[in-house]
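Q: Sharing coords23.txt (compact mmCIF, N, CA and C atoms) below.
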# COMPACT_ATOMS: atom_id res chain seq x y z
N MET A 1 27.22 104.57 92.41
CA MET A 1 25.82 104.23 92.31
C MET A 1 25.02 105.12 93.27
N VAL A 2 23.88 105.55 92.81
CA VAL A 2 23.04 106.43 93.60
C VAL A 2 22.28 105.61 94.62
N LYS A 3 22.27 106.09 95.86
CA LYS A 3 21.52 105.39 96.90
C LYS A 3 20.08 105.86 96.87
N LEU A 4 19.16 104.89 96.90
CA LEU A 4 17.74 105.20 96.87
C LEU A 4 17.11 104.81 98.20
N ASP A 5 16.17 105.61 98.63
CA ASP A 5 15.46 105.21 99.83
C ASP A 5 14.48 104.09 99.48
N GLU A 6 13.93 103.47 100.48
CA GLU A 6 13.08 102.29 100.28
C GLU A 6 11.84 102.62 99.46
N ASP A 7 11.21 103.77 99.70
CA ASP A 7 10.00 104.14 98.96
C ASP A 7 10.29 104.35 97.48
N THR A 8 11.40 105.00 97.18
CA THR A 8 11.76 105.23 95.78
C THR A 8 12.06 103.91 95.10
N HIS A 9 12.75 103.02 95.80
CA HIS A 9 13.09 101.70 95.24
C HIS A 9 11.81 100.92 94.91
N LYS A 10 10.85 100.94 95.84
CA LYS A 10 9.58 100.23 95.61
C LYS A 10 8.83 100.84 94.43
N ALA A 11 8.84 102.16 94.34
CA ALA A 11 8.15 102.84 93.24
C ALA A 11 8.79 102.47 91.89
N LEU A 12 10.10 102.40 91.85
CA LEU A 12 10.77 102.02 90.61
C LEU A 12 10.48 100.57 90.22
N LEU A 13 10.43 99.68 91.20
CA LEU A 13 10.09 98.28 90.92
C LEU A 13 8.67 98.17 90.37
N LEU A 14 7.75 98.92 90.98
CA LEU A 14 6.37 98.92 90.52
C LEU A 14 6.28 99.45 89.08
N PHE A 15 6.99 100.55 88.82
CA PHE A 15 7.02 101.13 87.49
C PHE A 15 7.54 100.11 86.47
N ASN A 16 8.63 99.43 86.80
CA ASN A 16 9.21 98.44 85.89
C ASN A 16 8.25 97.29 85.62
N ARG A 17 7.56 96.82 86.66
CA ARG A 17 6.59 95.73 86.47
C ARG A 17 5.45 96.18 85.56
N ARG A 18 4.96 97.38 85.77
CA ARG A 18 3.86 97.88 84.94
C ARG A 18 4.31 98.11 83.50
N THR A 19 5.54 98.57 83.32
CA THR A 19 6.07 98.77 81.97
C THR A 19 6.19 97.43 81.24
N GLU A 20 6.68 96.41 81.94
CA GLU A 20 6.78 95.08 81.35
C GLU A 20 5.40 94.54 80.99
N ALA A 21 4.44 94.71 81.89
CA ALA A 21 3.08 94.23 81.64
C ALA A 21 2.48 94.93 80.43
N ALA A 22 2.73 96.22 80.29
CA ALA A 22 2.21 96.96 79.14
C ALA A 22 2.85 96.47 77.84
N ALA A 23 4.14 96.17 77.88
CA ALA A 23 4.82 95.66 76.68
C ALA A 23 4.28 94.29 76.30
N VAL A 24 4.06 93.44 77.29
CA VAL A 24 3.51 92.10 77.02
C VAL A 24 2.10 92.23 76.45
N ALA A 25 1.30 93.11 77.01
CA ALA A 25 -0.07 93.31 76.51
C ALA A 25 -0.06 93.82 75.08
N ALA A 26 0.86 94.71 74.76
CA ALA A 26 0.95 95.22 73.39
C ALA A 26 1.35 94.11 72.42
N ALA A 27 2.30 93.28 72.83
CA ALA A 27 2.74 92.17 71.98
C ALA A 27 1.60 91.18 71.77
N GLU A 28 0.85 90.89 72.81
CA GLU A 28 -0.29 89.99 72.69
C GLU A 28 -1.35 90.58 71.76
N GLY A 29 -1.57 91.87 71.85
CA GLY A 29 -2.52 92.54 70.97
C GLY A 29 -2.12 92.42 69.51
N LYS A 30 -0.82 92.58 69.25
CA LYS A 30 -0.33 92.45 67.88
C LYS A 30 -0.48 91.02 67.38
N ARG A 31 -0.17 90.04 68.25
CA ARG A 31 -0.32 88.64 67.86
C ARG A 31 -1.78 88.32 67.55
N LEU A 32 -2.69 88.85 68.37
CA LEU A 32 -4.11 88.60 68.17
C LEU A 32 -4.58 89.24 66.87
N THR A 33 -4.12 90.45 66.59
CA THR A 33 -4.50 91.13 65.35
C THR A 33 -4.03 90.34 64.13
N LYS A 34 -2.80 89.83 64.18
CA LYS A 34 -2.28 89.03 63.08
C LYS A 34 -3.07 87.73 62.92
N ALA A 35 -3.46 87.13 64.04
CA ALA A 35 -4.23 85.88 63.99
C ALA A 35 -5.61 86.13 63.39
N VAL A 36 -6.23 87.24 63.74
CA VAL A 36 -7.54 87.59 63.19
C VAL A 36 -7.43 87.79 61.68
N LYS A 37 -6.38 88.49 61.24
CA LYS A 37 -6.19 88.72 59.82
C LYS A 37 -5.96 87.40 59.08
N ALA A 38 -5.14 86.52 59.65
CA ALA A 38 -4.88 85.22 59.02
C ALA A 38 -6.15 84.40 58.93
N LYS A 39 -6.96 84.44 59.99
CA LYS A 39 -8.23 83.69 60.00
C LYS A 39 -9.18 84.25 58.93
N ASP A 40 -9.28 85.57 58.86
CA ASP A 40 -10.17 86.18 57.87
C ASP A 40 -9.70 85.90 56.44
N ASP A 41 -8.39 85.97 56.21
CA ASP A 41 -7.85 85.68 54.88
C ASP A 41 -8.12 84.22 54.50
N ALA A 42 -7.94 83.32 55.45
CA ALA A 42 -8.19 81.90 55.19
C ALA A 42 -9.67 81.65 54.92
N ALA A 43 -10.54 82.36 55.63
CA ALA A 43 -11.99 82.21 55.41
C ALA A 43 -12.37 82.69 54.01
N ARG A 44 -11.76 83.82 53.59
CA ARG A 44 -12.03 84.31 52.24
C ARG A 44 -11.54 83.33 51.18
N ALA A 45 -10.36 82.77 51.40
CA ALA A 45 -9.80 81.81 50.43
C ALA A 45 -10.66 80.56 50.37
N LEU A 46 -11.16 80.10 51.50
CA LEU A 46 -12.04 78.93 51.52
C LEU A 46 -13.34 79.23 50.79
N LYS A 47 -13.93 80.36 51.07
CA LYS A 47 -15.19 80.74 50.41
C LYS A 47 -14.98 80.84 48.90
N LYS A 48 -13.86 81.43 48.50
CA LYS A 48 -13.56 81.58 47.07
C LYS A 48 -13.38 80.20 46.42
N ALA A 49 -12.69 79.30 47.10
CA ALA A 49 -12.48 77.96 46.55
C ALA A 49 -13.80 77.20 46.44
N GLN A 50 -14.67 77.36 47.43
CA GLN A 50 -15.96 76.68 47.40
C GLN A 50 -16.87 77.26 46.32
N ASP A 51 -16.88 78.58 46.19
CA ASP A 51 -17.76 79.24 45.23
C ASP A 51 -17.30 79.08 43.79
N SER A 52 -16.00 78.95 43.58
CA SER A 52 -15.49 78.86 42.22
C SER A 52 -15.57 77.45 41.65
N GLY A 53 -15.97 76.51 42.47
CA GLY A 53 -16.07 75.14 41.98
C GLY A 53 -14.70 74.51 41.77
N ALA A 54 -13.74 74.88 42.57
CA ALA A 54 -12.39 74.34 42.46
C ALA A 54 -12.41 72.85 42.78
N ASP A 55 -11.34 72.18 42.39
CA ASP A 55 -11.28 70.74 42.64
C ASP A 55 -11.33 70.46 44.15
N PRO A 56 -11.79 69.29 44.52
CA PRO A 56 -11.96 68.97 45.95
C PRO A 56 -10.67 69.07 46.75
N GLU A 57 -9.53 68.81 46.13
CA GLU A 57 -8.26 68.90 46.85
C GLU A 57 -7.98 70.35 47.27
N ALA A 58 -8.27 71.30 46.38
CA ALA A 58 -8.03 72.71 46.69
C ALA A 58 -8.96 73.17 47.81
N VAL A 59 -10.22 72.70 47.77
CA VAL A 59 -11.18 73.06 48.81
C VAL A 59 -10.74 72.46 50.15
N THR A 60 -10.28 71.21 50.12
CA THR A 60 -9.83 70.55 51.34
C THR A 60 -8.61 71.26 51.93
N GLU A 61 -7.70 71.66 51.06
CA GLU A 61 -6.51 72.38 51.52
C GLU A 61 -6.89 73.73 52.11
N ALA A 62 -7.80 74.44 51.46
CA ALA A 62 -8.24 75.74 51.97
C ALA A 62 -8.97 75.57 53.30
N GLU A 63 -9.75 74.51 53.42
CA GLU A 63 -10.45 74.25 54.67
C GLU A 63 -9.47 73.93 55.80
N ALA A 64 -8.44 73.16 55.50
CA ALA A 64 -7.43 72.83 56.51
C ALA A 64 -6.69 74.10 56.95
N THR A 65 -6.39 74.96 56.01
CA THR A 65 -5.72 76.23 56.33
C THR A 65 -6.62 77.08 57.22
N TYR A 66 -7.91 77.13 56.89
CA TYR A 66 -8.85 77.90 57.70
C TYR A 66 -8.95 77.34 59.11
N ARG A 67 -9.08 76.01 59.22
CA ARG A 67 -9.20 75.40 60.55
C ARG A 67 -7.94 75.67 61.39
N SER A 68 -6.78 75.62 60.76
CA SER A 68 -5.53 75.90 61.46
C SER A 68 -5.49 77.35 61.94
N ALA A 69 -5.88 78.27 61.06
CA ALA A 69 -5.89 79.69 61.42
C ALA A 69 -6.92 79.96 62.52
N LEU A 70 -8.06 79.31 62.45
CA LEU A 70 -9.10 79.48 63.46
C LEU A 70 -8.61 78.97 64.81
N LYS A 71 -7.95 77.82 64.82
CA LYS A 71 -7.42 77.26 66.07
C LYS A 71 -6.36 78.18 66.65
N SER A 72 -5.49 78.71 65.82
CA SER A 72 -4.45 79.63 66.30
C SER A 72 -5.08 80.87 66.92
N TRP A 73 -6.09 81.43 66.24
CA TRP A 73 -6.77 82.61 66.76
C TRP A 73 -7.43 82.32 68.11
N GLN A 74 -8.10 81.16 68.20
CA GLN A 74 -8.76 80.81 69.46
C GLN A 74 -7.75 80.61 70.58
N ASP A 75 -6.63 79.97 70.27
CA ASP A 75 -5.59 79.74 71.28
C ASP A 75 -5.02 81.06 71.78
N ILE A 76 -4.73 81.97 70.87
CA ILE A 76 -4.18 83.26 71.27
C ILE A 76 -5.20 84.04 72.08
N ARG A 77 -6.44 84.01 71.64
CA ARG A 77 -7.51 84.72 72.34
C ARG A 77 -7.70 84.17 73.76
N ASP A 78 -7.55 82.85 73.91
CA ASP A 78 -7.76 82.20 75.20
C ASP A 78 -6.49 82.16 76.06
N GLY A 79 -5.38 82.65 75.51
CA GLY A 79 -4.14 82.68 76.27
C GLY A 79 -3.35 81.39 76.22
N VAL A 80 -3.69 80.51 75.29
CA VAL A 80 -2.97 79.24 75.11
C VAL A 80 -1.94 79.44 74.01
N GLU A 81 -0.76 78.85 74.19
CA GLU A 81 0.25 78.95 73.14
C GLU A 81 -0.27 78.25 71.90
N PRO A 82 -0.17 78.89 70.73
CA PRO A 82 -0.70 78.28 69.52
C PRO A 82 0.09 77.05 69.12
N ALA A 83 -0.60 76.07 68.58
CA ALA A 83 0.03 74.83 68.12
C ALA A 83 0.71 75.06 66.78
N GLU A 84 0.54 76.24 66.21
CA GLU A 84 1.09 76.55 64.89
C GLU A 84 2.61 76.52 64.91
N GLU A 85 3.24 77.04 65.95
CA GLU A 85 4.70 77.11 66.02
C GLU A 85 5.34 75.73 66.05
N PRO A 86 4.88 74.79 66.92
CA PRO A 86 5.48 73.47 66.88
C PRO A 86 5.22 72.74 65.57
N ALA A 87 4.13 73.05 64.89
CA ALA A 87 3.84 72.40 63.62
C ALA A 87 4.89 72.75 62.58
N GLU A 88 5.47 73.94 62.68
CA GLU A 88 6.50 74.35 61.73
C GLU A 88 7.82 73.65 62.00
N GLU A 89 8.10 73.37 63.26
CA GLU A 89 9.38 72.75 63.61
C GLU A 89 9.56 71.36 63.02
N PRO A 90 8.55 70.46 63.03
CA PRO A 90 8.77 69.15 62.44
C PRO A 90 9.13 69.22 60.96
N ALA A 91 8.64 70.23 60.26
CA ALA A 91 8.99 70.37 58.85
C ALA A 91 10.47 70.68 58.71
N GLU A 92 11.04 71.35 59.69
CA GLU A 92 12.45 71.71 59.65
C GLU A 92 13.33 70.59 60.19
N GLU A 93 12.78 69.72 61.03
CA GLU A 93 13.58 68.68 61.66
C GLU A 93 14.24 67.74 60.65
N PRO A 94 13.55 67.29 59.60
CA PRO A 94 14.24 66.41 58.67
C PRO A 94 15.49 67.06 58.07
N ALA A 95 15.44 68.36 57.87
CA ALA A 95 16.61 69.05 57.34
C ALA A 95 17.70 69.13 58.41
N GLU A 96 17.30 69.18 59.68
CA GLU A 96 18.27 69.28 60.75
C GLU A 96 18.90 67.94 61.08
N GLU A 97 18.16 66.85 60.93
CA GLU A 97 18.69 65.54 61.29
C GLU A 97 19.98 65.22 60.54
N PRO A 98 20.03 65.37 59.22
CA PRO A 98 21.30 65.11 58.55
C PRO A 98 22.39 66.08 59.02
N ALA A 99 22.00 67.27 59.40
CA ALA A 99 22.98 68.25 59.86
C ALA A 99 23.53 67.86 61.23
N GLU A 100 22.74 67.11 62.01
CA GLU A 100 23.20 66.72 63.34
C GLU A 100 24.37 65.75 63.25
N GLU A 101 24.31 64.81 62.31
CA GLU A 101 25.39 63.84 62.19
C GLU A 101 26.72 64.53 61.86
N PRO A 102 26.75 65.39 60.84
CA PRO A 102 28.01 66.09 60.58
C PRO A 102 28.38 67.04 61.72
N ALA A 103 27.38 67.53 62.45
CA ALA A 103 27.66 68.45 63.55
C ALA A 103 28.48 67.75 64.62
N GLU A 104 28.25 66.45 64.81
CA GLU A 104 29.01 65.72 65.80
C GLU A 104 30.47 65.60 65.37
N GLU A 105 30.69 65.34 64.09
CA GLU A 105 32.06 65.20 63.61
C GLU A 105 32.82 66.53 63.71
N PRO A 106 32.25 67.66 63.25
CA PRO A 106 32.98 68.91 63.40
C PRO A 106 33.17 69.32 64.85
N ALA A 107 32.33 68.81 65.75
CA ALA A 107 32.49 69.14 67.16
C ALA A 107 33.86 68.67 67.64
N GLU A 108 34.33 67.56 67.11
CA GLU A 108 35.66 67.09 67.47
C GLU A 108 36.72 67.92 66.76
N GLU A 109 36.46 68.31 65.53
CA GLU A 109 37.44 69.06 64.76
C GLU A 109 37.72 70.45 65.32
N PRO A 110 36.69 71.22 65.75
CA PRO A 110 36.99 72.54 66.28
C PRO A 110 37.92 72.48 67.49
N ALA A 111 37.86 71.40 68.25
CA ALA A 111 38.76 71.29 69.39
C ALA A 111 40.20 71.22 68.89
N GLU A 112 40.39 70.62 67.74
CA GLU A 112 41.73 70.52 67.18
C GLU A 112 42.12 71.84 66.48
N GLU A 113 41.16 72.47 65.80
CA GLU A 113 41.45 73.67 65.03
C GLU A 113 41.96 74.84 65.88
N PRO A 114 41.35 75.11 67.04
CA PRO A 114 41.86 76.24 67.81
C PRO A 114 43.33 76.05 68.19
N ALA A 115 43.74 74.82 68.41
CA ALA A 115 45.15 74.59 68.73
C ALA A 115 46.00 74.90 67.51
N GLU A 116 45.49 74.63 66.31
CA GLU A 116 46.24 74.89 65.08
C GLU A 116 46.23 76.38 64.74
N GLU A 117 45.10 77.05 64.97
CA GLU A 117 44.98 78.46 64.59
C GLU A 117 46.00 79.35 65.28
N PRO A 118 46.20 79.23 66.60
CA PRO A 118 47.20 80.09 67.21
C PRO A 118 48.60 79.84 66.64
N ALA A 119 48.86 78.60 66.25
CA ALA A 119 50.17 78.31 65.68
C ALA A 119 50.30 78.98 64.32
N GLU A 120 49.18 79.09 63.58
CA GLU A 120 49.22 79.70 62.25
C GLU A 120 49.32 81.23 62.35
N GLU A 121 48.64 81.81 63.30
CA GLU A 121 48.62 83.27 63.40
C GLU A 121 49.99 83.86 63.69
N PRO A 122 50.78 83.32 64.64
CA PRO A 122 52.08 83.92 64.88
C PRO A 122 53.05 83.71 63.70
N ALA A 123 52.86 82.63 62.97
CA ALA A 123 53.76 82.34 61.87
C ALA A 123 53.52 83.28 60.75
Let's see the structure in the file written out as structure tokens.

A:
Amino acid sequence: MVKLDEDTHKALLLFNRRTEAAAVAAAEGKRLTKAVKAKDDAARALKKAQDSGADPEAVTEAEATYRSALKSWQDIRDGVEPAEEPAEEPAEEPAEEPAEEPAEEPAEEPAEEPAEEPAEEPA
């Protein structure tokens, strides 16, 4: 390992911190750009639904989508984690709950299987 003097070490730490900060800023910029696009697309869809005289359910759905996109954009802009991500998880949870019960049963089985597998491999 190369020995570094204290000044070089400090300079490298500073460089690494600034590089990380730049990467985080770029990622935030991309998230904000995507949120702006989603908000604008939802606004266009809402306007189209309202102008076309679509049924009230379609207008209500488009309005809910717009409000969700607007909230996500505002949260990202203000530095708050968007509520959009947790909203997706509950939709997946019902599918995971039945998987959890069988997951407990196989948890006991894999403990038995590794003992069987080495016996099978040499044979």

Q: In terms of the shortest atom-to-atom distance over only N, CA and C atoms, which of A:Ala45, A:Leu13, A:Ala22, A:Ala38 is closest to A:Glu63?

A: A:Ala45

Q: Please determine, counting all atoms listed in the file, which residue among A:Leu4, A:Ala54, A:Ala27, A:Ala62 has the shortest atom-to-atom distance to A:Ala42.

A: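 When distances to A:Ala42 are compared using all atoms listed in the file, the smallest one comes from A:Ala62.
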
Q: Go ahead and compute the interatomic distance for atom N of A:Asp75 and atom N of A:Glu28, in Å to one decimal.

A: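 Going from atom N of A:Asp75 over to atom N of A:Glu28 covers 13.5 Å.
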
Q: In Å, with one decimal, what is the gap from atom CA of A:Lys39 to atom CA of A:Gln74?

A: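 Atom CA of A:Gln74 lies 9.9 Å from atom CA of A:Lys39.
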
Q: Can you tell me how far atom N of A:Leu46 sits from atom CA of A:Ser72, in Å to one decimal?

A: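 Taking atom N of A:Leu46 as the start and atom CA of A:Ser72 as the end point, the length is 16.3 Å.
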
Q: Would you compute the box with edges along x, y and z of the file around stretch 51-59 of chain A, including every atom the file lists for it and 3 Å extra on each side, and give its centre and edge lengths in Å to one decimal, as lines of an AutoDock Vina configuration file?

A:
center_x = -12.9
center_y = 74.0
center_z = 45.9
size_x = 15.8
size_y = 16.4
size_z = 14.5

Q: My list of candidates is A:Leu70, A:Leu14, A:Met1, A:Ala23. Which is closest to A:Lys37 when distances are computed with only C-alpha atoms?

A: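 Ranked by minimum distance to A:Lys37, first place goes to A:Leu70.
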